[in-house]
Amino acid sequence: MNKQVQLGRTNMKVYPVGLGCMGFSHASGAPTDHATAVKTIREAYEMGYDFFDTAECYTGVYPDGTISYNEILVGEALKDVRDKVVIATKCGVTHGGDHLILDSSPARIRSSVEGSLKKLGTDHIDLYYQHRIDPKVEPEDVAEVMGDLIREGKILAWGISETTEDYLRRANAVTSVTAIENRYSMMARWHESIFPVCEELGITYVAFSPMANGFLTGKYNAQTQFEGKEDFRSRMPQYTEEGYAKAKGLLDLLLHMAEEKQVTPAQISLAWMICKKSYIIPIPGSRKPERLRENLGAGEIILTAKEIESIDTRLDGMEFDVFGGHGGK
């Protein structure tokens, strides 16, 4: 596990596969019980993960009615190896039932960072994201307060999740942006237009949902029974009969390549983006140690430029029904 990817223009370097921790508390059914979640996140570190992604709004409710705070799980699991890992968290979003409540006002960012520092049990956050663009707040105002937090030592770097090119450029002109965190997978390629901007500005692209919410693992289909409304996948279009049928050709392609290379479809889907661009870091999420180990292994798989081009050509001819937007390029 010697591979390292530099985060933006900072001196922070991480392995090319990170861990999205959201599912331990939020959006993947009932939260994992506290002790098991902490143990599993720590196991991920022992396997070789050194980049952990969480957020202020990743919360869930345990059967006894208490709240699972994802940041607390991450902080507790990594407290004695804090100097050996990079922790990313986010602010500016509150879940309001079936919609997001956005607030990226400077006052809210300042109160959120204090809350996150406390939950994580740390004196600094390595990478602090604006979780979603707030139309009520100008990017320059967000960038200014992030710059202040960097100067105060409360965060080391900042980023933007689900950004646009214009917003990114305006924010970066005030305080250099280290990373963006946007959706990206073989089924969700609509942000590829921002790649040249990342290259120009030296910004890392952190890819969330890199396996299309588990679809590209090949382990789920239209008949899969997810855990009701607590598991967001139960409402995603790729898991309908029609959506699954549209993506069947992609699953067949992944399975064929996986068999050729003696790896798994999930590993191919991750290696595709890692080998495509040196600044892309996928952050797949799983709560199962065997899946965590599988995902981590994708960082060691080499796909040639010719293989990636061949995959992209096939993808250009496909359309998908996928959560987050209209699939295809």
# chains A, B, ... in the order shown; residues from 1 in each chain; ligands from 1
>>> select_by_dssp(residues="segment 35-277 of chain A", states="strand (DSSP E)", output="JSON, numbers by chain")
{"A": [51, 52, 53, 59, 60, 61, 67, 68, 69, 86, 87, 88, 89, 90, 91, 93, 94, 95, 100, 101, 102, 125, 126, 127, 128, 129, 130, 155, 156, 157, 158, 159, 160, 161, 179, 180, 181, 182, 183, 204, 205, 206, 207, 208]}
>>> write_last_selection(atoms="N, CA and C atoms", output="compact mmCIF listing (two decimals), in the first residue's frame")
# COMPACT_ATOMS: atom_id res chain seq x y z
N PHE A 51 -7.89 7.92 4.79
CA PHE A 51 -8.71 9.08 4.41
C PHE A 51 -10.16 8.74 4.73
N PHE A 52 -10.73 9.45 5.68
CA PHE A 52 -12.06 9.13 6.20
C PHE A 52 -12.99 10.32 6.00
N ASP A 53 -14.16 10.06 5.42
CA ASP A 53 -15.09 11.12 5.07
C ASP A 53 -16.36 11.00 5.90
N THR A 59 -26.45 11.57 10.41
CA THR A 59 -26.99 11.09 11.69
C THR A 59 -28.09 10.07 11.44
N GLY A 60 -28.36 9.28 12.45
CA GLY A 60 -29.45 8.32 12.39
C GLY A 60 -29.97 8.09 13.79
N VAL A 61 -31.04 7.33 13.90
CA VAL A 61 -31.65 7.10 15.20
C VAL A 61 -31.57 5.61 15.55
N ILE A 67 -29.40 9.26 19.22
CA ILE A 67 -28.91 9.64 17.90
C ILE A 67 -27.51 9.08 17.66
N SER A 68 -27.31 8.55 16.47
CA SER A 68 -25.97 8.14 16.03
C SER A 68 -25.34 9.31 15.28
N TYR A 69 -24.31 9.90 15.85
CA TYR A 69 -23.57 10.97 15.19
C TYR A 69 -22.35 10.37 14.52
N VAL A 86 -6.22 11.39 7.57
CA VAL A 86 -6.84 12.64 7.11
C VAL A 86 -8.34 12.49 7.28
N ILE A 87 -8.93 13.40 8.04
CA ILE A 87 -10.37 13.37 8.28
C ILE A 87 -11.02 14.54 7.57
N ALA A 88 -12.04 14.22 6.76
CA ALA A 88 -12.82 15.24 6.09
C ALA A 88 -14.23 15.24 6.66
N THR A 89 -14.75 16.43 6.91
CA THR A 89 -16.15 16.54 7.32
C THR A 89 -16.77 17.74 6.62
N LYS A 90 -18.06 17.95 6.82
CA LYS A 90 -18.80 18.92 6.01
C LYS A 90 -19.79 19.71 6.86
N CYS A 91 -20.13 20.88 6.35
CA CYS A 91 -21.10 21.75 7.03
C CYS A 91 -22.08 22.32 6.01
N VAL A 93 -25.51 21.70 5.73
CA VAL A 93 -26.70 20.94 5.38
C VAL A 93 -27.35 20.36 6.62
N THR A 94 -28.66 20.47 6.68
CA THR A 94 -29.47 19.78 7.68
C THR A 94 -30.54 19.01 6.93
N HIS A 95 -30.80 17.78 7.37
CA HIS A 95 -31.83 16.99 6.72
C HIS A 95 -33.20 17.34 7.29
N LEU A 100 -33.36 18.89 1.81
CA LEU A 100 -32.20 19.42 2.51
C LEU A 100 -32.43 20.89 2.87
N ILE A 101 -32.04 21.25 4.07
CA ILE A 101 -32.06 22.64 4.51
C ILE A 101 -30.63 23.16 4.41
N LEU A 102 -30.44 24.18 3.58
CA LEU A 102 -29.10 24.68 3.30
C LEU A 102 -28.83 25.97 4.06
N ILE A 125 -9.56 20.11 11.81
CA ILE A 125 -10.16 19.30 10.76
C ILE A 125 -9.25 19.41 9.54
N ASP A 126 -8.89 18.27 8.97
CA ASP A 126 -7.94 18.29 7.86
C ASP A 126 -8.54 18.89 6.59
N LEU A 127 -9.76 18.50 6.27
CA LEU A 127 -10.42 18.97 5.06
C LEU A 127 -11.88 19.25 5.38
N TYR A 128 -12.28 20.50 5.23
CA TYR A 128 -13.61 20.93 5.64
C TYR A 128 -14.39 21.39 4.43
N TYR A 129 -15.47 20.68 4.13
CA TYR A 129 -16.27 20.96 2.94
C TYR A 129 -17.49 21.81 3.24
N GLN A 130 -17.82 22.69 2.31
CA GLN A 130 -19.18 23.21 2.21
C GLN A 130 -19.98 22.09 1.55
N ILE A 155 -9.07 24.49 10.68
CA ILE A 155 -9.09 23.57 9.55
C ILE A 155 -7.77 23.75 8.80
N LEU A 156 -7.34 22.69 8.12
CA LEU A 156 -6.09 22.78 7.34
C LEU A 156 -6.36 23.14 5.89
N ALA A 157 -7.51 22.72 5.38
CA ALA A 157 -7.85 22.97 3.98
C ALA A 157 -9.36 22.91 3.84
N TRP A 158 -9.84 23.41 2.71
CA TRP A 158 -11.29 23.38 2.52
C TRP A 158 -11.66 22.92 1.13
N GLY A 159 -12.92 22.52 0.99
CA GLY A 159 -13.41 22.04 -0.28
C GLY A 159 -14.90 22.32 -0.43
N ILE A 160 -15.44 21.94 -1.58
CA ILE A 160 -16.85 22.16 -1.89
C ILE A 160 -17.43 20.87 -2.44
N SER A 161 -18.59 20.48 -1.97
CA SER A 161 -19.26 19.29 -2.45
C SER A 161 -20.40 19.68 -3.39
N ALA A 179 -10.06 20.54 -2.54
CA ALA A 179 -10.77 19.40 -3.13
C ALA A 179 -12.22 19.74 -3.39
N ILE A 180 -12.77 19.07 -4.39
CA ILE A 180 -14.22 19.06 -4.55
C ILE A 180 -14.69 17.64 -4.30
N GLU A 181 -15.91 17.51 -3.82
CA GLU A 181 -16.49 16.18 -3.63
C GLU A 181 -17.81 16.15 -4.40
N ASN A 182 -17.75 15.55 -5.57
CA ASN A 182 -18.92 15.46 -6.43
C ASN A 182 -19.23 13.99 -6.72
N ARG A 183 -20.47 13.73 -7.08
CA ARG A 183 -20.84 12.38 -7.48
C ARG A 183 -20.07 12.00 -8.74
N THR A 204 -8.12 18.38 -6.10
CA THR A 204 -8.43 16.95 -6.07
C THR A 204 -9.93 16.75 -6.25
N TYR A 205 -10.30 15.72 -7.02
CA TYR A 205 -11.69 15.36 -7.21
C TYR A 205 -11.98 14.12 -6.36
N VAL A 206 -12.72 14.31 -5.27
CA VAL A 206 -13.13 13.20 -4.41
C VAL A 206 -14.49 12.73 -4.91
N ALA A 207 -14.55 11.46 -5.29
CA ALA A 207 -15.75 10.92 -5.94
C ALA A 207 -16.63 10.19 -4.94
N PHE A 208 -17.82 10.74 -4.68
CA PHE A 208 -18.73 10.00 -3.80
C PHE A 208 -19.69 9.17 -4.66
>>> atom_distance(atom1="atom CA of Leu201 of chain A", atom2="atom CA of Arg151 of chain A")
20.8 Å
>>> closest_residue(among="A:Val74, A:Ile109, A:Ile311, A:Leu7", to="Val177 of chain A", atoms="only C-alpha atoms")
A:Leu7
>>> select_by_dssp(residues="segment 21-255 of chain A", states="helix (DSSP H, G or I)", output="CSV table (one decimal) with N, CA and C atoms, in the first residue's frame")
chain,number,residue,atom,x,y,z
A,22,MET,N,-20.5,7.5,5.9
A,22,MET,CA,-22.0,7.9,6.1
A,22,MET,C,-22.8,6.7,6.5
A,23,GLY,N,-22.7,5.6,5.8
A,23,GLY,CA,-23.6,4.4,6.0
A,23,GLY,C,-23.6,3.9,7.4
A,24,PHE,N,-22.7,4.1,8.2
A,24,PHE,CA,-22.7,3.7,9.6
A,24,PHE,C,-23.8,4.3,10.4
A,34,HIS,N,-23.2,1.4,18.0
A,34,HIS,CA,-22.0,2.3,18.2
A,34,HIS,C,-20.7,1.5,18.3
A,35,ALA,N,-20.7,0.5,19.1
A,35,ALA,CA,-19.4,-0.3,19.3
A,35,ALA,C,-19.0,-1.0,18.0
A,36,THR,N,-19.9,-1.6,17.3
A,36,THR,CA,-19.5,-2.2,16.0
A,36,THR,C,-19.0,-1.2,15.0
A,37,ALA,N,-19.7,-0.1,14.9
A,37,ALA,CA,-19.3,0.9,13.9
A,37,ALA,C,-17.8,1.4,14.2
A,38,VAL,N,-17.6,1.7,15.5
A,38,VAL,CA,-16.2,2.2,15.9
A,38,VAL,C,-15.2,1.1,15.6
A,39,LYS,N,-15.5,-0.1,15.9
A,39,LYS,CA,-14.6,-1.3,15.6
A,39,LYS,C,-14.3,-1.4,14.2
A,40,THR,N,-15.4,-1.3,13.3
A,40,THR,CA,-15.2,-1.5,11.9
A,40,THR,C,-14.4,-0.3,11.3
A,41,ILE,N,-14.6,0.9,11.7
A,41,ILE,CA,-13.9,2.0,11.2
A,41,ILE,C,-12.4,1.9,11.6
A,42,ARG,N,-12.2,1.4,12.8
A,42,ARG,CA,-10.8,1.2,13.2
A,42,ARG,C,-10.1,0.0,12.4
A,43,GLU,N,-10.9,-1.0,12.1
A,43,GLU,CA,-10.4,-2.1,11.3
A,43,GLU,C,-10.0,-1.6,9.9
A,44,ALA,N,-10.8,-0.6,9.4
A,44,ALA,CA,-10.5,0.0,8.1
A,44,ALA,C,-9.1,0.6,8.1
A,45,TYR,N,-8.8,1.4,9.2
A,45,TYR,CA,-7.5,2.0,9.4
A,45,TYR,C,-6.4,0.9,9.4
A,46,GLU,N,-6.7,-0.2,10.1
A,46,GLU,CA,-5.7,-1.2,10.2
A,46,GLU,C,-5.4,-1.9,8.9
A,47,MET,N,-6.4,-1.9,8.0
A,47,MET,CA,-6.3,-2.5,6.7
A,47,MET,C,-5.4,-1.6,5.8
A,70,ASN,N,-22.3,10.4,13.2
A,70,ASN,CA,-21.2,9.8,12.5
A,70,ASN,C,-19.9,10.4,12.8
A,71,GLU,N,-19.8,11.7,13.1
A,71,GLU,CA,-18.5,12.3,13.5
A,71,GLU,C,-18.0,11.7,14.8
A,72,ILE,N,-18.9,11.4,15.7
A,72,ILE,CA,-18.4,10.8,17.0
A,72,ILE,C,-17.8,9.4,16.7
A,73,LEU,N,-18.5,8.7,15.9
A,73,LEU,CA,-17.9,7.3,15.5
A,73,LEU,C,-16.5,7.4,14.9
A,74,VAL,N,-16.4,8.3,14.0
A,74,VAL,CA,-15.1,8.5,13.3
A,74,VAL,C,-14.0,8.9,14.3
A,75,GLY,N,-14.4,10.0,15.1
A,75,GLY,CA,-13.4,10.5,16.0
A,75,GLY,C,-13.0,9.5,17.1
A,76,GLU,N,-13.9,8.7,17.6
A,76,GLU,CA,-13.6,7.7,18.6
A,76,GLU,C,-12.7,6.6,18.0
A,77,ALA,N,-13.0,6.2,16.8
A,77,ALA,CA,-12.3,5.1,16.2
A,77,ALA,C,-10.8,5.5,15.9
A,78,LEU,N,-10.6,6.7,15.6
A,78,LEU,CA,-9.3,7.2,15.1
A,78,LEU,C,-8.5,8.1,16.1
A,79,LYS,N,-9.0,8.2,17.3
A,79,LYS,CA,-8.5,9.2,18.3
A,79,LYS,C,-7.0,8.9,18.6
A,80,ASP,N,-6.5,7.7,18.6
A,80,ASP,CA,-5.1,7.5,19.0
A,80,ASP,C,-4.2,7.3,17.8
A,81,VAL,N,-4.8,7.5,16.6
A,81,VAL,CA,-4.0,7.5,15.3
A,81,VAL,C,-4.3,8.8,14.6
A,82,ARG,N,-4.7,9.8,15.3
A,82,ARG,CA,-5.1,11.0,14.6
A,82,ARG,C,-4.1,11.6,13.7
A,83,ASP,N,-2.8,11.5,14.1
A,83,ASP,CA,-1.8,12.1,13.2
A,83,ASP,C,-1.4,11.3,12.0
A,84,LYS,N,-2.0,10.1,11.9
A,84,LYS,CA,-1.7,9.2,10.8
A,84,LYS,C,-2.9,9.2,9.8
A,106,PRO,N,-21.7,32.6,7.1
A,106,PRO,CA,-20.5,32.5,7.9
A,106,PRO,C,-20.8,32.2,9.4
A,107,ALA,N,-21.8,32.7,9.9
A,107,ALA,CA,-22.1,32.4,11.3
A,107,ALA,C,-22.4,30.9,11.5
A,108,ARG,N,-23.1,30.3,10.6
A,108,ARG,CA,-23.4,28.9,10.6
A,108,ARG,C,-22.2,28.0,10.5
A,109,ILE,N,-21.3,28.4,9.5
A,109,ILE,CA,-20.1,27.7,9.3
A,109,ILE,C,-19.3,27.7,10.6
A,110,ARG,N,-19.2,28.9,11.2
A,110,ARG,CA,-18.4,29.0,12.5
A,110,ARG,C,-19.0,28.1,13.6
A,111,SER,N,-20.3,28.1,13.7
A,111,SER,CA,-20.9,27.3,14.8
A,111,SER,C,-20.7,25.8,14.5
A,112,SER,N,-20.8,25.4,13.2
A,112,SER,CA,-20.7,24.1,12.8
A,112,SER,C,-19.3,23.5,13.0
A,113,VAL,N,-18.3,24.3,12.7
A,113,VAL,CA,-16.9,23.8,12.8
A,113,VAL,C,-16.6,23.5,14.3
A,114,GLU,N,-17.2,24.3,15.2
A,114,GLU,CA,-16.9,24.1,16.6
A,114,GLU,C,-17.6,22.8,17.0
A,115,GLY,N,-18.8,22.5,16.5
A,115,GLY,CA,-19.5,21.3,16.8
A,115,GLY,C,-18.8,20.1,16.3
A,116,SER,N,-18.3,20.2,15.1
A,116,SER,CA,-17.6,19.1,14.5
A,116,SER,C,-16.3,18.8,15.2
A,117,LEU,N,-15.5,19.8,15.6
A,117,LEU,CA,-14.3,19.6,16.4
A,117,LEU,C,-14.6,18.9,17.7
A,118,LYS,N,-15.7,19.2,18.3
A,118,LYS,CA,-16.0,18.6,19.6
A,118,LYS,C,-16.4,17.1,19.3
A,119,LYS,N,-17.3,16.9,18.3
A,119,LYS,CA,-17.7,15.5,18.1
A,119,LYS,C,-16.5,14.6,17.6
A,120,LEU,N,-15.7,15.2,16.8
A,120,LEU,CA,-14.5,14.4,16.3
A,120,LEU,C,-13.5,14.2,17.4
A,139,PRO,N,-20.3,32.6,-3.1
A,139,PRO,CA,-19.1,31.8,-2.8
A,139,PRO,C,-17.9,32.5,-2.2
A,140,GLU,N,-17.8,33.8,-2.5
A,140,GLU,CA,-16.7,34.6,-1.9
A,140,GLU,C,-16.8,34.7,-0.4
A,141,ASP,N,-18.1,34.8,0.1
A,141,ASP,CA,-18.3,34.9,1.5
A,141,ASP,C,-18.0,33.6,2.2
A,142,VAL,N,-18.3,32.5,1.6
A,142,VAL,CA,-18.0,31.1,2.1
A,142,VAL,C,-16.4,31.0,2.1
A,143,ALA,N,-15.8,31.3,1.0
A,143,ALA,CA,-14.3,31.2,0.9
A,143,ALA,C,-13.6,32.1,1.9
A,144,GLU,N,-14.2,33.3,2.2
A,144,GLU,CA,-13.5,34.2,3.2
A,144,GLU,C,-13.5,33.6,4.6
A,145,VAL,N,-14.6,33.0,5.0
A,145,VAL,CA,-14.7,32.5,6.4
A,145,VAL,C,-13.8,31.2,6.4
A,146,MET,N,-13.8,30.4,5.3
A,146,MET,CA,-12.9,29.2,5.3
A,146,MET,C,-11.4,29.6,5.4
A,147,GLY,N,-11.1,30.7,4.8
A,147,GLY,CA,-9.7,31.2,4.9
A,147,GLY,C,-9.4,31.7,6.3
A,148,ASP,N,-10.4,32.3,7.0
A,148,ASP,CA,-10.2,32.7,8.4
A,148,ASP,C,-9.9,31.4,9.2
A,149,LEU,N,-10.7,30.4,9.0
A,149,LEU,CA,-10.6,29.2,9.8
A,149,LEU,C,-9.3,28.5,9.6
A,150,ILE,N,-8.7,28.6,8.4
A,150,ILE,CA,-7.4,28.0,8.1
A,150,ILE,C,-6.4,28.8,8.8
A,151,ARG,N,-6.4,30.1,8.8
A,151,ARG,CA,-5.5,31.0,9.5
A,151,ARG,C,-5.5,30.8,11.0
A,165,GLU,N,-18.6,24.8,-12.0
A,165,GLU,CA,-17.3,25.4,-12.3
A,165,GLU,C,-17.3,26.9,-11.9
A,166,ASP,N,-18.3,27.6,-12.2
A,166,ASP,CA,-18.3,29.0,-11.9
A,166,ASP,C,-18.2,29.2,-10.4
A,167,TYR,N,-18.9,28.5,-9.6
A,167,TYR,CA,-18.9,28.6,-8.1
A,167,TYR,C,-17.5,28.3,-7.6
A,168,LEU,N,-16.9,27.2,-8.2
A,168,LEU,CA,-15.5,26.8,-7.8
A,168,LEU,C,-14.5,27.9,-8.1
A,169,ARG,N,-14.6,28.4,-9.3
A,169,ARG,CA,-13.6,29.5,-9.7
A,169,ARG,C,-13.7,30.7,-8.8
A,170,ARG,N,-14.9,31.1,-8.5
A,170,ARG,CA,-15.1,32.3,-7.7
A,170,ARG,C,-14.6,32.1,-6.3
A,171,ALA,N,-14.9,30.9,-5.7
A,171,ALA,CA,-14.5,30.6,-4.4
A,171,ALA,C,-12.9,30.5,-4.3
A,172,ASN,N,-12.4,29.8,-5.3
A,172,ASN,CA,-10.9,29.6,-5.3
A,172,ASN,C,-10.1,30.9,-5.4
A,192,GLU,N,-17.8,15.3,-15.6
A,192,GLU,CA,-16.5,15.2,-16.2
A,192,GLU,C,-16.0,16.6,-16.8
A,193,SER,N,-17.0,17.4,-17.1
A,193,SER,CA,-16.6,18.7,-17.7
A,193,SER,C,-15.8,19.6,-16.7
A,194,ILE,N,-15.8,19.2,-15.4
A,194,ILE,CA,-15.0,20.0,-14.5
A,194,ILE,C,-13.6,19.5,-14.3
A,195,PHE,N,-13.3,18.4,-14.9
A,195,PHE,CA,-11.9,17.8,-14.8
A,195,PHE,C,-10.8,18.8,-15.3
A,196,PRO,N,-11.0,19.5,-16.4
A,196,PRO,CA,-10.0,20.5,-16.8
A,196,PRO,C,-9.8,21.6,-15.8
A,197,VAL,N,-10.8,22.0,-15.1
A,197,VAL,CA,-10.7,23.0,-14.0
A,197,VAL,C,-9.9,22.5,-12.9
A,198,CYS,N,-10.1,21.2,-12.5
A,198,CYS,CA,-9.3,20.6,-11.4
A,198,CYS,C,-7.9,20.6,-11.8
A,199,GLU,N,-7.6,20.2,-13.0
A,199,GLU,CA,-6.2,20.2,-13.5
A,199,GLU,C,-5.6,21.6,-13.5
A,200,GLU,N,-6.3,22.5,-14.0
A,200,GLU,CA,-5.8,23.9,-14.0
A,200,GLU,C,-5.5,24.5,-12.7
A,201,LEU,N,-6.4,24.2,-11.7
A,201,LEU,CA,-6.2,24.8,-10.4
A,201,LEU,C,-5.6,23.9,-9.4
A,215,PHE,N,-24.7,-0.3,-6.9
A,215,PHE,CA,-25.2,-1.0,-8.1
A,215,PHE,C,-24.0,-1.7,-8.9
A,216,LEU,N,-22.9,-1.0,-9.0
A,216,LEU,CA,-21.8,-1.5,-9.8
A,216,LEU,C,-21.0,-2.7,-9.1
A,217,THR,N,-21.4,-3.0,-7.9
A,217,THR,CA,-20.8,-4.2,-7.3
A,217,THR,C,-21.4,-5.5,-7.9
A,228,GLY,N,-36.3,-0.5,3.9
A,228,GLY,CA,-37.4,0.5,3.9
A,228,GLY,C,-36.9,1.9,3.7
A,229,LYS,N,-37.6,2.8,4.3
A,229,LYS,CA,-37.3,4.2,4.0
A,229,LYS,C,-36.0,4.7,4.6
A,230,GLU,N,-35.5,4.0,5.6
A,230,GLU,CA,-34.2,4.3,6.1
A,230,GLU,C,-33.0,4.1,5.2
A,232,PHE,N,-31.9,4.6,1.6
A,232,PHE,CA,-32.3,5.5,0.4
A,232,PHE,C,-32.3,4.7,-0.9
A,233,ARG,N,-31.5,3.6,-1.0
A,233,ARG,CA,-31.4,2.8,-2.2
A,233,ARG,C,-32.8,2.2,-2.6
A,234,SER,N,-33.7,2.1,-1.7
A,234,SER,CA,-35.0,1.5,-2.0
A,234,SER,C,-35.8,2.4,-2.9
A,235,ARG,N,-35.4,3.7,-3.0
A,235,ARG,CA,-36.1,4.6,-3.9
A,235,ARG,C,-35.3,5.1,-5.1
A,237,PRO,N,-33.7,4.9,-8.9
A,237,PRO,CA,-34.2,4.4,-10.2
A,237,PRO,C,-33.4,3.3,-10.7
A,238,GLN,N,-32.1,3.2,-10.4
A,238,GLN,CA,-31.3,2.1,-10.9
A,238,GLN,C,-31.7,0.7,-10.4
A,239,TYR,N,-32.5,0.7,-9.3
A,239,TYR,CA,-33.0,-0.5,-8.7
A,239,TYR,C,-34.4,-0.9,-9.1
A,241,GLU,N,-37.1,-2.2,-12.1
A,241,GLU,CA,-37.0,-3.2,-13.2
A,241,GLU,C,-36.4,-2.5,-14.5
A,242,GLU,N,-36.9,-1.4,-14.8
A,242,GLU,CA,-36.5,-0.7,-16.0
A,242,GLU,C,-35.1,-0.2,-15.9
A,243,GLY,N,-34.7,0.4,-14.7
A,243,GLY,CA,-33.4,0.9,-14.5
A,243,GLY,C,-32.3,-0.2,-14.5
A,244,TYR,N,-32.7,-1.3,-13.9
A,244,TYR,CA,-31.8,-2.4,-13.9
A,244,TYR,C,-31.5,-3.0,-15.3
A,245,ALA,N,-32.6,-3.1,-16.1
A,245,ALA,CA,-32.5,-3.6,-17.5
A,245,ALA,C,-31.6,-2.7,-18.3
A,246,LYS,N,-31.7,-1.3,-18.1
A,246,LYS,CA,-30.9,-0.4,-18.9
A,246,LYS,C,-29.4,-0.6,-18.6
A,247,ALA,N,-29.1,-0.9,-17.3
A,247,ALA,CA,-27.7,-1.0,-16.9
A,247,ALA,C,-27.1,-2.4,-17.0
A,248,LYS,N,-27.9,-3.4,-17.4
A,248,LYS,CA,-27.4,-4.8,-17.5
A,248,LYS,C,-26.2,-4.9,-18.4
A,249,GLY,N,-26.1,-4.2,-19.5
A,249,GLY,CA,-25.0,-4.3,-20.4
A,249,GLY,C,-23.7,-3.8,-19.7
A,250,LEU,N,-23.8,-2.8,-18.8
A,250,LEU,CA,-22.6,-2.3,-18.1
A,250,LEU,C,-22.2,-3.4,-17.0
A,251,LEU,N,-23.1,-4.0,-16.4
A,251,LEU,CA,-22.8,-5.1,-15.4
A,251,LEU,C,-22.1,-6.2,-16.1
A,252,ASP,N,-22.6,-6.6,-17.3
A,252,ASP,CA,-21.9,-7.6,-18.1
A,252,ASP,C,-20.5,-7.3,-18.5
A,253,LEU,N,-20.3,-6.0,-18.9
A,253,LEU,CA,-19.0,-5.5,-19.2
A,253,LEU,C,-18.0,-5.6,-18.0
A,254,LEU,N,-18.5,-5.2,-16.8
A,254,LEU,CA,-17.7,-5.3,-15.6
A,254,LEU,C,-17.4,-6.7,-15.2
A,255,LEU,N,-18.3,-7.6,-15.4
A,255,LEU,CA,-18.1,-9.0,-15.0
A,255,LEU,C,-17.1,-9.6,-15.9
>>> residues_around(residues="Asp312 of chain A", least_positions_apart="6", cutoff="10 Å", atoms="only C-alpha atoms", output="number ranges by chain")
A: 186, 272, 306, 318, 329
>>> atom_distance(atom1="atom CA of Thr54 of chain A", atom2="atom CA of Gly20 of chain A")
6.7 Å
>>> residues_around(residues="Asp64 of chain A", least_positions_apart="6", cutoff="12 Å", atoms="only C-alpha atoms", output="list in words")
Ala30, Pro31 and Asp33 of chain A
>>> write_last_selection(atoms="N, CA and C atoms", output="PDB file, in the first residue's frame")
ATOM      1  N   ALA A  30     -31.020   1.005   9.240  1.00  0.00           N
ATOM      2  CA  ALA A  30     -30.803   1.364  10.647  1.00  0.00           C
ATOM      3  C   ALA A  30     -29.320   1.568  10.915  1.00  0.00           C
ATOM      4  N   PRO A  31     -28.957   2.543  11.759  1.00  0.00           N
ATOM      5  CA  PRO A  31     -27.544   2.772  12.056  1.00  0.00           C
ATOM      6  C   PRO A  31     -26.888   1.526  12.656  1.00  0.00           C
ATOM      7  N   ASP A  33     -24.770  -0.359  15.303  1.00  0.00           N
ATOM      8  CA  ASP A  33     -24.617  -0.035  16.720  1.00  0.00           C
ATOM      9  C   ASP A  33     -23.240   0.571  16.965  1.00  0.00           C
TER      10      ASP A  33
END
>>> atom_distance(atom1="atom CA of Ala266 of chain A", atom2="atom CA of Gly214 of chain A")
8.4 Å
